[in-house]
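With PDB, C-alpha atoms inside, this is entry33.pdb:
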ATOM      1  CA  MET A   1      30.494 132.886  39.125
ATOM      2  CA  PRO A   2      31.292 136.444  37.948
ATOM      3  CA  ASP A   3      32.722 136.960  34.454
ATOM      4  CA  TRP A   4      35.941 138.610  35.559
ATOM      5  CA  ARG A   5      37.189 139.198  32.046
ATOM      6  CA  ALA A   6      34.058 141.108  31.081
ATOM      7  CA  ASN A   7      34.195 142.999  34.342
ATOM      8  CA  VAL A   8      37.826 144.067  33.883
ATOM      9  CA  ARG A   9      37.162 145.022  30.250
ATOM     10  CA  GLU A  10      34.206 147.160  31.293
ATOM     11  CA  GLN A  11      36.093 148.884  34.105
ATOM     12  CA  LEU A  12      39.327 149.458  32.214
ATOM     13  CA  GLY A  13      37.772 150.538  28.932
ATOM     14  CA  ALA A  14      39.795 150.399  25.736
ATOM     15  CA  LEU A  15      43.523 150.234  26.342
ATOM     16  CA  ARG A  16      45.499 152.165  23.743
ATOM     17  CA  LEU A  17      47.833 149.288  22.999
ATOM     18  CA  GLU A  18      48.251 146.577  20.372
ATOM     19  CA  PRO A  19      45.062 144.449  20.492
ATOM     20  CA  ALA A  20      46.950 141.235  21.328
ATOM     21  CA  GLU A  21      48.816 142.950  24.149
ATOM     22  CA  ALA A  22      45.638 144.523  25.533
ATOM     23  CA  GLU A  23      43.948 141.089  25.528
ATOM     24  CA  GLU A  24      46.869 139.567  27.449
ATOM     25  CA  ILE A  25      46.630 142.298  30.058
ATOM     26  CA  LEU A  26      42.880 141.698  30.421
ATOM     27  CA  ASP A  27      43.524 137.972  30.855
ATOM     28  CA  GLU A  28      46.172 138.566  33.480
ATOM     29  CA  LEU A  29      44.190 141.076  35.540
ATOM     30  CA  ALA A  30      41.010 139.012  35.312
ATOM     31  CA  GLY A  31      42.981 135.941  36.428
ATOM     32  CA  HIS A  32      44.308 137.863  39.422
ATOM     33  CA  LEU A  33      40.855 139.001  40.538
ATOM     34  CA  GLU A  34      39.397 135.541  39.989
ATOM     35  CA  GLU A  35      42.068 133.967  42.192
ATOM     36  CA  CYS A  36      41.419 136.558  44.855
ATOM     37  CA  TYR A  37      37.667 135.907  44.676
ATOM     38  CA  ASP A  38      38.147 132.116  44.845
ATOM     39  CA  ALA A  39      40.468 132.472  47.860
ATOM     40  CA  LEU A  40      37.886 134.588  49.686
ATOM     41  CA  LEU A  41      35.132 132.081  48.910
ATOM     42  CA  ALA A  42      37.345 129.255  50.190
ATOM     43  CA  ARG A  43      37.711 131.196  53.451
ATOM     44  CA  GLY A  44      33.925 131.217  53.783
ATOM     45  CA  VAL A  45      33.294 134.797  52.718
ATOM     46  CA  PRO A  46      29.829 135.164  51.121
ATOM     47  CA  GLU A  47      29.795 135.575  47.323
ATOM     48  CA  GLU A  48      28.654 139.189  47.265
ATOM     49  CA  GLU A  49      31.223 140.314  49.799
ATOM     50  CA  ALA A  50      33.949 138.288  48.086
ATOM     51  CA  PHE A  51      33.120 140.020  44.792
ATOM     52  CA  ALA A  52      33.272 143.470  46.377
ATOM     53  CA  ARG A  53      36.529 142.722  48.195
ATOM     54  CA  ALA A  54      38.127 141.293  45.060
ATOM     55  CA  CYS A  55      37.134 144.445  43.133
ATOM     56  CA  GLU A  56      38.715 146.557  45.868
ATOM     57  CA  GLN A  57      42.012 144.826  45.051
ATOM     58  CA  ALA A  58      42.115 146.651  41.734
ATOM     59  CA  GLY A  59      42.501 150.014  43.465
ATOM     60  CA  SER A  60      41.599 152.893  41.182
ATOM     61  CA  TRP A  61      40.644 151.572  37.734
ATOM     62  CA  LYS A  62      41.642 154.880  36.189
ATOM     63  CA  LYS A  63      45.078 154.675  37.809
ATOM     64  CA  LEU A  64      45.390 151.045  36.747
ATOM     65  CA  ARG A  65      44.569 151.861  33.113
ATOM     66  CA  ARG A  66      47.002 154.781  33.079
ATOM     67  CA  GLY A  67      49.753 152.832  34.833
ATOM     68  CA  VAL A  68      49.492 149.735  32.678
ATOM     69  CA  THR A  69      49.341 151.723  29.433
ATOM     70  CA  SER A  70      52.301 153.925  30.275
ATOM     71  CA  ALA A  71      54.398 150.979  31.535
ATOM     72  CA  LYS A  72      53.710 149.018  28.366
ATOM     73  CA  ARG A  73      54.357 152.011  26.095
ATOM     74  CA  GLU A  74      57.626 152.696  27.894
ATOM     75  CA  GLY A  75      58.537 149.097  27.144
ATOM     76  CA  ILE A  76      57.650 149.478  23.486
ATOM     77  CA  MET A  77      59.903 152.541  23.225
ATOM     78  CA  GLN A  78      62.779 150.742  24.956
ATOM     79  CA  LYS A  79      62.273 147.756  22.679
ATOM     80  CA  ARG A  80      62.340 149.955  19.591
ATOM     81  CA  VAL A  81      65.578 151.589  20.706
ATOM     82  CA  LYS A  82      67.212 148.239  21.494
ATOM     83  CA  GLN A  83      65.947 146.361  18.454
ATOM     84  CA  PHE A  84      66.188 149.116  15.884
ATOM     85  CA  TRP A  85      67.762 152.473  16.631
ATOM     86  CA  MET A  86      70.879 151.358  18.535
ATOM     87  CA  PRO A  87      71.974 148.636  16.082
ATOM     88  CA  ALA A  88      71.003 150.866  13.140
ATOM     89  CA  LEU A  89      73.172 153.679  14.458
ATOM     90  CA  VAL A  90      76.096 151.307  15.028
ATOM     91  CA  THR A  91      75.706 149.913  11.494
ATOM     92  CA  LEU A  92      75.516 153.409  10.032
ATOM     93  CA  LEU A  93      78.610 154.650  11.856
ATOM     94  CA  ALA A  94      80.555 151.465  11.085
ATOM     95  CA  GLY A  95      79.573 151.523   7.396
ATOM     96  CA  TRP A  96      80.410 155.121   6.667
ATOM     97  CA  GLY A  97      83.297 155.214   9.146
ATOM     98  CA  LEU A  98      84.880 152.323   7.283
ATOM     99  CA  LEU A  99      84.526 154.109   3.945
ATOM    100  CA  THR A 100      86.075 157.246   5.416
ATOM    101  CA  LEU A 101      89.038 155.216   6.716
ATOM    102  CA  LEU A 102      89.516 153.565   3.339
ATOM    103  CA  ILE A 103      89.434 156.906   1.539
ATOM    104  CA  LEU A 104      91.865 158.435   4.058
ATOM    105  CA  SER A 105      94.214 155.477   3.629
ATOM    106  CA  GLY A 106      94.326 156.179  -0.097
ATOM    107  CA  VAL A 107      92.024 153.510  -1.537
ATOM    108  CA  GLN A 108      90.962 154.632  -4.994
ATOM    109  CA  PRO A 109      87.535 153.795  -6.385
ATOM    110  CA  VAL A 110      87.013 151.906  -9.615
ATOM    111  CA  MET A 111      85.014 154.170 -11.911
ATOM    112  CA  TRP A 112      83.043 153.012 -14.929
ATOM    113  CA  TYR A 113      82.395 155.698 -17.454
ATOM    114  CA  LEU A 114      78.767 155.649 -18.630
ATOM    115  CA  GLY A 115      78.361 158.656 -20.850
ATOM    116  CA  ASP A 116      78.666 162.354 -21.276
ATOM    117  CA  PRO A 117      75.173 163.875 -21.215
ATOM    118  CA  PRO A 118      75.883 166.810 -20.352
ATOM    119  CA  THR A 119      78.527 166.133 -17.635
ATOM    120  CA  PRO A 120      80.490 162.850 -17.404
ATOM    121  CA  ILE A 121      78.613 160.102 -15.570
ATOM    122  CA  TYR A 122      80.373 157.312 -13.702
ATOM    123  CA  LEU A 123      79.525 154.250 -11.673
ATOM    124  CA  ILE A 124      81.772 154.391  -8.624
ATOM    125  CA  PHE A 125      82.882 151.238  -6.818
ATOM    126  CA  TYR A 126      84.957 151.146  -3.645
ATOM    127  CA  TRP A 127      85.529 147.410  -3.878
ATOM    128  CA  PRO A 128      87.273 146.906  -0.506
ATOM    129  CA  TRP A 129      84.353 148.715   1.136
ATOM    130  CA  LEU A 130      81.744 146.693  -0.746
ATOM    131  CA  VAL A 131      83.546 143.455   0.169
ATOM    132  CA  LEU A 132      83.594 144.401   3.872
ATOM    133  CA  LEU A 133      80.004 145.668   4.013
ATOM    134  CA  PRO A 134      78.449 142.194   4.498
ATOM    135  CA  LEU A 135      80.359 141.993   7.803
ATOM    136  CA  ILE A 136      78.762 145.244   8.943
ATOM    137  CA  GLY A 137      75.321 144.103   7.773
ATOM    138  CA  ALA A 138      75.851 140.848   9.668
ATOM    139  CA  ALA A 139      76.854 142.766  12.808
ATOM    140  CA  GLY A 140      73.695 144.905  12.560
ATOM    141  CA  GLY A 141      71.552 141.818  12.003
ATOM    142  CA  TYR A 142      73.212 140.063  14.948
ATOM    143  CA  MET A 143      72.619 142.988  17.337
ATOM    144  CA  SER A 144      69.030 143.387  16.210
ATOM    145  CA  ARG A 145      68.248 139.666  16.455
ATOM    146  CA  LYS A 146      69.970 139.509  19.842
ATOM    147  CA  ALA A 147      67.478 142.140  21.022
ATOM    148  CA  ARG A 148      64.763 139.739  19.745
ATOM    149  CA  ALA A 149      63.880 141.613  16.566
ATOM    150  CA  SER A 150      62.753 139.616  13.579
ATOM    151  CA  GLY A 151      61.663 139.907   9.936
ATOM    152  CA  TRP A 152      61.906 143.157   8.009
ATOM    153  CA  ARG A 153      63.185 145.089  11.038
ATOM    154  CA  VAL A 154      66.447 143.119  10.993
ATOM    155  CA  TYR A 155      66.927 143.875   7.295
ATOM    156  CA  LEU A 156      66.236 147.568   7.854
ATOM    157  CA  VAL A 157      68.902 147.617  10.569
ATOM    158  CA  GLY A 158      71.418 145.694   8.469
ATOM    159  CA  SER A 159      70.977 147.888   5.403
ATOM    160  CA  PHE A 160      70.680 151.151   7.355
ATOM    161  CA  PRO A 161      73.809 152.849   5.894
ATOM    162  CA  ALA A 162      72.354 152.400   2.389
ATOM    163  CA  LEU A 163      68.890 153.550   3.505
ATOM    164  CA  ALA A 164      70.375 156.618   5.159
ATOM    165  CA  MET A 165      72.135 157.471   1.896
ATOM    166  CA  ALA A 166      68.852 157.046   0.008
ATOM    167  CA  CYS A 167      67.249 159.501   2.437
ATOM    168  CA  VAL A 168      70.107 161.978   1.896
ATOM    169  CA  PHE A 169      69.534 161.756  -1.870
ATOM    170  CA  LEU A 170      65.811 162.249  -1.409
ATOM    171  CA  VAL A 171      66.436 165.418   0.589
ATOM    172  CA  ILE A 172      69.402 166.852  -1.300
ATOM    173  CA  LEU A 173      68.212 166.292  -4.855
ATOM    174  CA  PRO A 174      64.917 168.233  -4.699
ATOM    175  CA  TRP A 175      66.668 170.928  -2.647
ATOM    176  CA  SER A 176      69.447 171.230  -5.254
ATOM    177  CA  LEU A 177      66.915 171.401  -8.066
ATOM    178  CA  VAL A 178      65.212 174.296  -6.359
ATOM    179  CA  VAL A 179      68.231 176.351  -5.297
ATOM    180  CA  ASP A 180      70.898 175.605  -7.905
ATOM    181  CA  ALA A 181      70.282 176.590 -11.521
ATOM    182  CA  HIS A 182      73.251 174.456 -12.694
ATOM    183  CA  VAL A 183      71.679 171.295 -11.316
ATOM    184  CA  VAL A 184      68.426 172.010 -13.151
ATOM    185  CA  ARG A 185      70.256 172.628 -16.389
ATOM    186  CA  ASP A 186      72.609 169.636 -16.120
ATOM    187  CA  PHE A 187      70.150 167.194 -14.508
ATOM    188  CA  ALA A 188      70.364 163.720 -16.040
ATOM    189  CA  TRP A 189      68.321 160.685 -15.049
ATOM    190  CA  LEU A 190      71.249 158.464 -16.018
ATOM    191  CA  GLY A 191      73.445 160.295 -13.511
ATOM    192  CA  LEU A 192      70.878 159.902 -10.762
ATOM    193  CA  THR A 193      70.519 156.204 -11.546
ATOM    194  CA  ALA A 194      74.302 155.721 -11.515
ATOM    195  CA  MET A 195      74.615 157.513  -8.179
ATOM    196  CA  THR A 196      71.765 155.495  -6.668
ATOM    197  CA  PHE A 197      73.294 152.260  -7.908
ATOM    198  CA  SER A 198      76.785 153.107  -6.577
ATOM    199  CA  TRP A 199      75.776 154.451  -3.175
ATOM    200  CA  VAL A 200      72.434 152.852  -2.344
ATOM    201  CA  ILE A 201      71.590 149.697  -4.294
ATOM    202  CA  LEU A 202      74.979 147.976  -4.405
ATOM    203  CA  PRO A 203      75.916 148.743  -0.764
ATOM    204  CA  GLY A 204      72.346 147.766   0.247
ATOM    205  CA  ILE A 205      72.728 144.382  -1.457
ATOM    206  CA  ALA A 206      76.140 143.830   0.186
ATOM    207  CA  LEU A 207      74.718 144.693   3.617
ATOM    208  CA  CYS A 208      71.662 142.448   3.131
ATOM    209  CA  ILE A 209      73.922 139.536   2.117
ATOM    210  CA  GLY A 210      75.554 139.924   5.541
ATOM    211  CA  VAL A 211      72.159 139.912   7.281
ATOM    212  CA  VAL A 212      71.105 136.757   5.394
ATOM    213  CA  LEU A 213      74.380 134.942   6.132
ATOM    214  CA  GLU A 214      74.177 135.863   9.814
ATOM    215  CA  GLY A 215      70.592 134.590   9.901
ATOM    216  CA  LEU A 216      71.666 131.298   8.326
ATOM    217  CA  ARG A 217      74.494 130.971  10.852
ATOM    218  CA  LYS A 218      72.053 131.541  13.693
ATOM    219  CA  ALA A 219      69.542 129.057  12.271
ATOM    220  CA  LYS A 220      72.311 126.473  11.888
ATOM    221  CA  ALA A 221      73.532 127.049  15.448
ATOM    222  CA  ALA A 222      69.984 126.635  16.765
TER     223      ALA A 222
ATOM    224  CA  MET B   1      48.677 150.600  58.036
ATOM    225  CA  ILE B   2      51.549 152.051  56.006
ATOM    226  CA  ARG B   3      50.649 155.060  53.868
ATOM    227  CA  THR B   4      50.720 154.719  50.054
ATOM    228  CA  GLU B   5      53.486 157.352  49.729
ATOM    229  CA  LEU B   6      55.734 155.347  52.028
ATOM    230  CA  LYS B   7      54.878 152.031  50.386
ATOM    231  CA  ARG B   8      55.616 153.261  46.877
ATOM    232  CA  GLY B   9      59.369 153.005  47.171
ATOM    233  CA  THR B  10      59.265 149.581  48.779
ATOM    234  CA  ALA B  11      57.466 147.769  45.975
ATOM    235  CA  GLU B  12      60.520 146.950  43.853
ATOM    236  CA  LEU B  13      62.379 145.373  46.753
ATOM    237  CA  ALA B  14      59.251 143.524  47.896
ATOM    238  CA  VAL B  15      58.619 142.024  44.444
ATOM    239  CA  LEU B  16      62.256 141.050  43.892
ATOM    240  CA  SER B  17      62.447 139.494  47.368
ATOM    241  CA  VAL B  18      59.439 137.210  46.927
ATOM    242  CA  LEU B  19      60.538 136.228  43.431
ATOM    243  CA  GLU B  20      63.936 135.253  44.810
ATOM    244  CA  GLU B  21      62.153 132.193  46.236
ATOM    245  CA  GLY B  22      60.908 131.050  42.821
ATOM    246  CA  SER B  23      58.627 131.948  39.930
ATOM    247  CA  LEU B  24      55.173 133.272  40.872
ATOM    248  CA  HIS B  25      52.130 134.755  39.178
ATOM    249  CA  GLY B  26      50.772 138.214  39.961
ATOM    250  CA  TYR B  27      48.205 137.192  42.578
ATOM    251  CA  GLU B  28      50.714 135.002  44.386
ATOM    252  CA  ILE B  29      53.307 137.811  44.381
ATOM    253  CA  GLY B  30      50.802 140.143  46.048
ATOM    254  CA  ARG B  31      49.669 137.467  48.512
ATOM    255  CA  ARG B  32      53.208 136.530  49.576
ATOM    256  CA  ILE B  33      54.219 140.161  50.064
ATOM    257  CA  GLU B  34      51.194 140.693  52.261
ATOM    258  CA  GLU B  35      51.784 137.474  54.188
ATOM    259  CA  GLN B  36      55.525 137.949  54.680
ATOM    260  CA  SER B  37      55.141 141.575  55.739
ATOM    261  CA  GLY B  38      52.536 140.589  58.308
ATOM    262  CA  GLY B  39      49.836 142.411  56.345
ATOM    263  CA  ALA B  40      51.693 145.741  56.435
ATOM    264  CA  LEU B  41      52.437 145.824  52.721
ATOM    265  CA  ARG B  42      49.461 145.307  50.455
ATOM    266  CA  TYR B  43      49.557 146.427  46.834
ATOM    267  CA  THR B  44      46.565 147.009  44.612
ATOM    268  CA  LEU B  45      46.585 145.889  40.997
ATOM    269  CA  ALA B  46      47.103 149.540  40.031
ATOM    270  CA  ALA B  47      50.383 149.534  41.945
ATOM    271  CA  LEU B  48      51.558 146.004  41.257
ATOM    272  CA  TYR B  49      51.061 145.424  37.521
ATOM    273  CA  PRO B  50      52.586 148.611  36.088
ATOM    274  CA  LEU B  51      55.581 147.863  38.307
ATOM    275  CA  LEU B  52      55.826 144.248  37.095
ATOM    276  CA  TYR B  53      55.671 145.399  33.457
ATOM    277  CA  ARG B  54      58.358 148.028  34.051
ATOM    278  CA  MET B  55      60.640 145.552  35.802
ATOM    279  CA  GLU B  56      60.104 143.156  32.918
ATOM    280  CA  HIS B  57      61.156 145.791  30.371
ATOM    281  CA  ARG B  58      64.255 146.559  32.420
ATOM    282  CA  GLY B  59      65.203 142.909  32.123
ATOM    283  CA  TRP B  60      64.843 142.167  35.846
ATOM    284  CA  LEU B  61      61.974 139.690  35.385
ATOM    285  CA  ARG B  62      60.481 137.580  32.682
ATOM    286  CA  GLY B  63      56.765 136.858  32.508
ATOM    287  CA  GLU B  64      55.599 133.734  30.696
ATOM    288  CA  TRP B  65      52.167 132.185  30.322
ATOM    289  CA  GLU B  66      51.849 128.806  31.996
ATOM    290  CA  THR B  67      48.939 126.430  32.366
ATOM    291  CA  GLY B  68      48.502 125.248  35.946
ATOM    292  CA  SER B  69      47.214 121.878  37.152
ATOM    293  CA  SER B  70      43.715 123.388  37.344
ATOM    294  CA  GLY B  71      43.934 124.164  33.604
ATOM    295  CA  LYS B  72      44.005 127.916  34.233
ATOM    296  CA  ARG B  73      46.461 130.009  32.233
ATOM    297  CA  ARG B  74      48.523 132.304  34.394
ATOM    298  CA  ARG B  75      51.405 134.613  33.669
ATOM    299  CA  CYS B  76      54.299 133.582  35.891
ATOM    300  CA  TYR B  77      57.178 135.923  36.642
ATOM    301  CA  ARG B  78      60.696 134.648  37.055
ATOM    302  CA  LEU B  79      63.623 136.609  38.446
ATOM    303  CA  LEU B  80      66.380 137.123  35.867
ATOM    304  CA  PRO B  81      70.099 137.479  36.730
ATOM    305  CA  LYS B  82      69.898 141.252  36.221
ATOM    306  CA  GLY B  83      67.078 141.454  38.777
ATOM    307  CA  ARG B  84      68.907 139.197  41.222
ATOM    308  CA  LYS B  85      71.914 141.493  40.928
ATOM    309  CA  MET B  86      69.720 144.462  41.904
ATOM    310  CA  LEU B  87      68.657 142.869  45.190
ATOM    311  CA  LYS B  88      71.916 143.280  47.102
ATOM    312  CA  PRO B  89      72.430 147.026  46.511
ATOM    313  CA  MET B  90      68.723 147.632  47.030
ATOM    314  CA  ARG B  91      68.797 145.876  50.410
ATOM    315  CA  ALA B  92      71.920 147.806  51.395
ATOM    316  CA  GLU B  93      70.214 151.047  50.426
ATOM    317  CA  TRP B  94      67.194 150.273  52.598
ATOM    318  CA  GLU B  95      69.419 149.301  55.522
ATOM    319  CA  ASP B  96      71.207 152.647  55.209
ATOM    320  CA  LEU B  97      67.849 154.401  55.213
ATOM    321  CA  PHE B  98      66.666 152.528  58.314
ATOM    322  CA  ARG B  99      69.941 153.272  60.128
ATOM    323  CA  ALA B 100      69.601 156.940  59.255
ATOM    324  CA  LEU B 101      65.983 156.983  60.461
ATOM    325  CA  ARG B 102      66.973 155.276  63.705
ATOM    326  CA  ARG B 103      69.551 157.962  64.356
ATOM    327  CA  LEU B 104      67.319 160.801  63.271
ATOM    328  CA  ALA B 105      63.889 159.957  64.575
ATOM    329  CA  LYS B 106      64.631 157.281  67.179
ATOM    330  CA  VAL B 107      62.702 154.760  65.084
ATOM    331  CA  ARG B 108      63.116 151.382  66.757
ATOM    332  CA  HIS B 109      63.296 147.940  65.159
ATOM    333  CA  ALA B 110      63.823 149.426  61.742
TER     334      ALA B 110
END
Take the structure in the file and write it out as structure tokens.
Amino acid sequence: MPDWRANVREQLGALRLEPAEAEEILDELAGHLEECYDALLARGVPEEEAFARACEQAGSWKKLRRGVTSAKREGIMQKRVKQFWMPALVTLLAGWGLLTLLILSGVQPVMWYLGDPPTPIYLIFYWPWLVLLPLIGAAGGYMSRKARASGWRVYLVGSFPALAMACVFLVILPWSLVVDAHVVRDFAWLGLTAMTFSWVILPGIALCIGVVLEGLRKAKAA
Amino acid sequence: MIRTELKRGTAELAVLSVLEEGSLHGYEIGRRIEEQSGGALRYTLAALYPLLYRMEHRGWLRGEWETGSSGKRRRCYRLLPKGRKMLKPMRAEWEDLFRALRRLAKVRHA
């Protein structure tokens, strides 16, 4: 009895995919060839001929490797878009769109004065926005989980507006330090911390609360 | 024997049609297509599996590992509602093509 798995592995070579996925593909293709071989034997075809005819079923091994790899990779890309990028974009637009609407409708932030070194430093809270953010986090978590995402990916999606703001800070701050002499002169760690807390940490926590609550709701429903 | 270039476009309809009858594993899909087309349509693994994986990603099929009565693990493909919905327009498209060919090239029995 030929070892179809070993044969397929040898012919296909290393598939550039996740190891578990590559193993599943090997199992499936080997199973197909084995069934074909068994069917030929059952029809009275001699072993050697049955083996050769079953191998013919594969077609071009090179084409098979290329086709399987590209089909699976295409799937991975589609999955990433559905599980991550689409819900993350929706969460981002909803989060910052909501803040824009609140500002345009005249909602004033609560500002806590922290100190004066060398320019005034405040913690800024848009409470209505922070209260509504868990809903947006929950929506992001729901969309991501619906596309069968799990674990840290769901939390990244849910807290994406806060992460995007963190990225903006990471880009803008070094750039400002380089190009603007005032920023260098007036730079204060306390200010940076206050800004990060107001626009990244607090909104991030609010969004993650939404993701957690949505997860609990789903677990309860299941 | 039908040339590969001609067969290429038929594979989606062929796979969806045999899966309409129930869930099947890869070998059985290939065998039924060959049997039901009177041996005219025969797909190699290189043609069949990339197509199955693509159709799965599009949400037309779902493949799940099952253990048969012989104890062998096989990946069975089941037609999903989205795939079933594709069948009707796909069949209509092929009928249009055959009608056009009949008019154009006097192809009979198409």
Could you spell out the hits of the PyMOL selection byres ((chain B) within 12 of (chain A)) on the shown file, as number ranges by chain? B: 4, 24-31, 42-59, 63-67, 70, 72-77
Quick one, how far is CA of Gly191 in chain A from CA of Leu123 in chain A?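 These atoms are spaced 8.8 Å apart.
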Give as a PDB file with C-alpha atoms, in the coordinates of the input the residues that the PyMOL selection byres ((chain B and resi 33) around 10) matches when applied to the coordinates above.
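Written out: part-v3.pdb:
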ATOM      1  CA  ALA B  11      57.466 147.769  45.975  1.00  0.00           C
ATOM      2  CA  ALA B  14      59.251 143.524  47.896  1.00  0.00           C
ATOM      3  CA  VAL B  15      58.619 142.024  44.444  1.00  0.00           C
ATOM      4  CA  SER B  17      62.447 139.494  47.368  1.00  0.00           C
ATOM      5  CA  VAL B  18      59.439 137.210  46.927  1.00  0.00           C
ATOM      6  CA  LEU B  19      60.538 136.228  43.431  1.00  0.00           C
ATOM      7  CA  GLU B  28      50.714 135.002  44.386  1.00  0.00           C
ATOM      8  CA  ILE B  29      53.307 137.811  44.381  1.00  0.00           C
ATOM      9  CA  GLY B  30      50.802 140.143  46.048  1.00  0.00           C
ATOM     10  CA  ARG B  31      49.669 137.467  48.512  1.00  0.00           C
ATOM     11  CA  ARG B  32      53.208 136.530  49.576  1.00  0.00           C
ATOM     12  CA  GLU B  34      51.194 140.693  52.261  1.00  0.00           C
ATOM     13  CA  GLU B  35      51.784 137.474  54.188  1.00  0.00           C
ATOM     14  CA  GLN B  36      55.525 137.949  54.680  1.00  0.00           C
ATOM     15  CA  SER B  37      55.141 141.575  55.739  1.00  0.00           C
ATOM     16  CA  GLY B  38      52.536 140.589  58.308  1.00  0.00           C
ATOM     17  CA  GLY B  39      49.836 142.411  56.345  1.00  0.00           C
ATOM     18  CA  ALA B  40      51.693 145.741  56.435  1.00  0.00           C
ATOM     19  CA  LEU B  41      52.437 145.824  52.721  1.00  0.00           C
ATOM     20  CA  ARG B  42      49.461 145.307  50.455  1.00  0.00           C
ATOM     21  CA  TYR B  43      49.557 146.427  46.834  1.00  0.00           C
TER      22      TYR B  43
END
Take CA of Ala39 in chain A and CA of Phe51 in chain A and report the distance between them in Å, one decimal.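 These atoms are spaced 11.0 Å apart.
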Picked residues, the PyMOL selection byres ((chain A and resi 214-216) around 9), expected as a short mmCIF file (atom, residue, chain, number, x, y, z; two decimals) with C-alpha atoms, keeping the file's coordinate frame:
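Printed below is expr.cif as written:
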data_model
loop_
_atom_site.label_atom_id
_atom_site.label_comp_id
_atom_site.auth_asym_id
_atom_site.auth_seq_id
_atom_site.Cartn_x
_atom_site.Cartn_y
_atom_site.Cartn_z
CA LEU A 135 80.36 141.99 7.80
CA GLY A 137 75.32 144.10 7.77
CA ALA A 138 75.85 140.85 9.67
CA ALA A 139 76.85 142.77 12.81
CA GLY A 141 71.55 141.82 12.00
CA TYR A 142 73.21 140.06 14.95
CA ARG A 145 68.25 139.67 16.45
CA ILE A 209 73.92 139.54 2.12
CA GLY A 210 75.55 139.92 5.54
CA VAL A 211 72.16 139.91 7.28
CA VAL A 212 71.10 136.76 5.39
CA LEU A 213 74.38 134.94 6.13
CA ARG A 217 74.49 130.97 10.85
CA LYS A 218 72.05 131.54 13.69
CA ALA A 219 69.54 129.06 12.27
CA LYS A 220 72.31 126.47 11.89
CA ALA A 221 73.53 127.05 15.45
#
For the point (79.9, 160.2, -12.7) in the file's frame, write as a PDB file with C-alpha atoms, in the frame of the given file all residues with an atom no more than 12 Å away, counting only C-alpha atoms.
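Once everything was written out, this is part-v1.pdb:
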ATOM      1  CA  PRO A 109      87.535 153.795  -6.385  1.00  0.00           C
ATOM      2  CA  VAL A 110      87.013 151.906  -9.615  1.00  0.00           C
ATOM      3  CA  MET A 111      85.014 154.170 -11.911  1.00  0.00           C
ATOM      4  CA  TRP A 112      83.043 153.012 -14.929  1.00  0.00           C
ATOM      5  CA  TYR A 113      82.395 155.698 -17.454  1.00  0.00           C
ATOM      6  CA  LEU A 114      78.767 155.649 -18.630  1.00  0.00           C
ATOM      7  CA  GLY A 115      78.361 158.656 -20.850  1.00  0.00           C
ATOM      8  CA  ASP A 116      78.666 162.354 -21.276  1.00  0.00           C
ATOM      9  CA  PRO A 117      75.173 163.875 -21.215  1.00  0.00           C
ATOM     10  CA  PRO A 118      75.883 166.810 -20.352  1.00  0.00           C
ATOM     11  CA  THR A 119      78.527 166.133 -17.635  1.00  0.00           C
ATOM     12  CA  PRO A 120      80.490 162.850 -17.404  1.00  0.00           C
ATOM     13  CA  ILE A 121      78.613 160.102 -15.570  1.00  0.00           C
ATOM     14  CA  TYR A 122      80.373 157.312 -13.702  1.00  0.00           C
ATOM     15  CA  LEU A 123      79.525 154.250 -11.673  1.00  0.00           C
ATOM     16  CA  ILE A 124      81.772 154.391  -8.624  1.00  0.00           C
ATOM     17  CA  PHE A 125      82.882 151.238  -6.818  1.00  0.00           C
ATOM     18  CA  ALA A 188      70.364 163.720 -16.040  1.00  0.00           C
ATOM     19  CA  TRP A 189      68.321 160.685 -15.049  1.00  0.00           C
ATOM     20  CA  LEU A 190      71.249 158.464 -16.018  1.00  0.00           C
ATOM     21  CA  GLY A 191      73.445 160.295 -13.511  1.00  0.00           C
ATOM     22  CA  LEU A 192      70.878 159.902 -10.762  1.00  0.00           C
ATOM     23  CA  THR A 193      70.519 156.204 -11.546  1.00  0.00           C
ATOM     24  CA  ALA A 194      74.302 155.721 -11.515  1.00  0.00           C
ATOM     25  CA  MET A 195      74.615 157.513  -8.179  1.00  0.00           C
ATOM     26  CA  THR A 196      71.765 155.495  -6.668  1.00  0.00           C
ATOM     27  CA  PHE A 197      73.294 152.260  -7.908  1.00  0.00           C
ATOM     28  CA  SER A 198      76.785 153.107  -6.577  1.00  0.00           C
ATOM     29  CA  TRP A 199      75.776 154.451  -3.175  1.00  0.00           C
TER      30      TRP A 199
END
Which value, in Å to one decimal, gives the distance between CA of Gly158 in chain A and CA of Ile136 in chain A?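 Atom-to-atom, CA of Gly158 in chain A to CA of Ile136 in chain A, that is 7.4 Å.
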Could the centre and edge lengths of an axis-aligned box, enclosing all atoms of range 152-168 of chain A in the file with 4 Å extra on each side, be given in Å to one decimal as JSON?
{"center_x": 67.9, "center_y": 152.5, "center_z": 5.5, "size_x": 19.9, "size_y": 26.9, "size_z": 19.0}
